[in-house]
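These notes concern the structure reproduced below.
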Amino acid sequence: MSPTEPRPPMSKADYVYNVLLEEIQSARIPGGTALRAGEVAKRLGVSVTPVREALRRLEKDRLISYEAHHGATVVDLGDEALVEYYGVRAVVEGLGARLAAARITPEQLAGLRELHASMTEDAGLGRHDRLGERSRRFHLSIVDIGGPAFLGAHARSVRVWWRPMRMICSA
């Protein structure tokens, strides 16, 4: 789809999911917080049905849990989860880098160098707010080069699950 073509509208469930995902990942909704479908629906201006769909997706992503008589609660992750998260990322992204080293093209290498240069410039100018997203793009680009069939998608699923640096910085 080209940038000039209209994009299909996002479903209400996708909208709720994306809002809640961002709020959980940025720790605006911290671990241990109860999520009441009715309250979320009212706040986001939707009915309860898309909220319930979004909560099921978040549960599948293991970002919330359900307990009998308590409803949905944002998973509270501690230091052990942080160590495990970075361990999984190291394995997946390390494999991607190893595979990328054997198949990277000159054009892909030039693109990585350009992205790295922009990160270095941002760091030098104190634009730290840009570094997280650019670092994510840099690492995922390498994994995509190394494992375009499966590994890139897997690395994204790991990163979608949790953004610990944002959580630590906002704590």
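Quick note on naming: the chains in the structure tokens go A, B, ... in the order shown, residues restart at 1 in each chain, and ligands are numbered from 1 in order of appearance.
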Which residues are close to Pro30 in chain A, i.e. within 8 Å by only C-alpha atoms, leaving aside same-chain residues fewer than 5 positions away? Reply as a VMD selection string. chain A and resid 24 74 76
File dump, residues just selected, C-alpha atoms, as a PDB file, in the first residue's frame:
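Output (part22.pdb):
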```pdb
ATOM      1  CA  ILE A  24       1.014  -0.409  29.902  1.00  0.00           C
ATOM      2  CA  VAL A  74      -1.814  -5.499  34.626  1.00  0.00           C
ATOM      3  CA  ASP A  76       3.533  -6.629  37.708  1.00  0.00           C
TER       4      ASP A  76
END
```
- Message: Set the distance at 12 Å and use only C-alpha atoms: which residues neighbour Ala102 in chain A once local chain neighbours fewer than 6 positions away are removed? I'd like the list as a ChimeraX atom specification.
- Response: /A:95-96,109,142,145-147
| request: Write down as a ChimeraX atom specification the residues belonging to range 17-160 of chain A that are assigned alpha helix (DSSP H) by DSSP computed on the backbone. | output: /A:17-25,37-44,48-60,79-103,106-124,131-146,151-160
Review point. Leaving out Arg89 in chain A and any residue of its chain fewer than 2 positions from it, which residues lie within 12 Å of it when counting only C-alpha atoms, given as a ChimeraX atom specification?
Key: /A:82-87,91-97,136,139-140,143,151-152,154-164
Neighbour list for Ser47 in chain A as an MDAnalysis selection string, cut-off 10 Å, only C-alpha atoms, skip fewer than 5 positions in-chain:
chainID A and resid 12:13 37:38 40:42 52
Let me see the file: selected residues, C-alpha atoms, as a tab-separated table (two decimals), in the first residue's frame.
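Final output, again28.tsv:
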```tsv
chain	number	residue	atom	x	y	z
A	12	LYS	CA	-12.55	-0.19	17.91
A	13	ALA	CA	-10.98	-3.27	19.49
A	37	ALA	CA	-13.89	-2.90	31.21
A	38	GLY	CA	-16.65	-0.40	31.94
A	40	VAL	CA	-11.92	1.77	30.13
A	41	ALA	CA	-14.90	1.88	27.75
A	42	LYS	CA	-16.14	5.15	29.22
A	52	ARG	CA	-13.24	-7.04	26.31
```
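Excluding Met119 in chain A itself and same-chain residues fewer than 5 positions from it, the residues having an atom within 8 Å of it are A:Arg130, A:Leu131, A:Arg134, A:Ser135, counting only C-alpha atoms.
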Output the selection as an mmCIF file, in the first residue's frame - N, CA, C and O atoms for each residue.
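After the write, again.cif holds the following:
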```cif
data_model
loop_
_atom_site.group_PDB
_atom_site.id
_atom_site.type_symbol
_atom_site.label_atom_id
_atom_site.label_comp_id
_atom_site.auth_asym_id
_atom_site.auth_seq_id
_atom_site.Cartn_x
_atom_site.Cartn_y
_atom_site.Cartn_z
ATOM 1 N N ARG A 130 14.840 10.554 21.114
ATOM 2 C CA ARG A 130 14.815 9.872 19.823
ATOM 3 C C ARG A 130 15.590 8.552 19.840
ATOM 4 O O ARG A 130 15.415 7.728 18.960
ATOM 5 N N LEU A 131 16.461 8.384 20.798
ATOM 6 C CA LEU A 131 17.375 7.238 20.773
ATOM 7 C C LEU A 131 16.679 5.895 20.937
ATOM 8 O O LEU A 131 17.056 4.920 20.288
ATOM 9 N N ARG A 134 15.046 4.828 17.634
ATOM 10 C CA ARG A 134 16.073 4.557 16.615
ATOM 11 C C ARG A 134 16.889 3.315 16.957
ATOM 12 O O ARG A 134 17.266 2.561 16.070
ATOM 13 N N SER A 135 17.151 3.101 18.218
ATOM 14 C CA SER A 135 17.852 1.881 18.625
ATOM 15 C C SER A 135 17.008 0.657 18.296
ATOM 16 O O SER A 135 17.510 -0.358 17.794
#
```
What's the 12 Å shell around Gln108 in chain A, counting only C-alpha atoms, without same-chain residues fewer than 4 positions away, as a PyMOL selection string?
-> chain A and resi 100-101+103-104+112-115+138+141-146
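Closest to Glu53 in chain A among A:Leu99, A:Met10, A:Ala123, A:Tyr17 is A:Tyr17, based on only C-alpha atoms.
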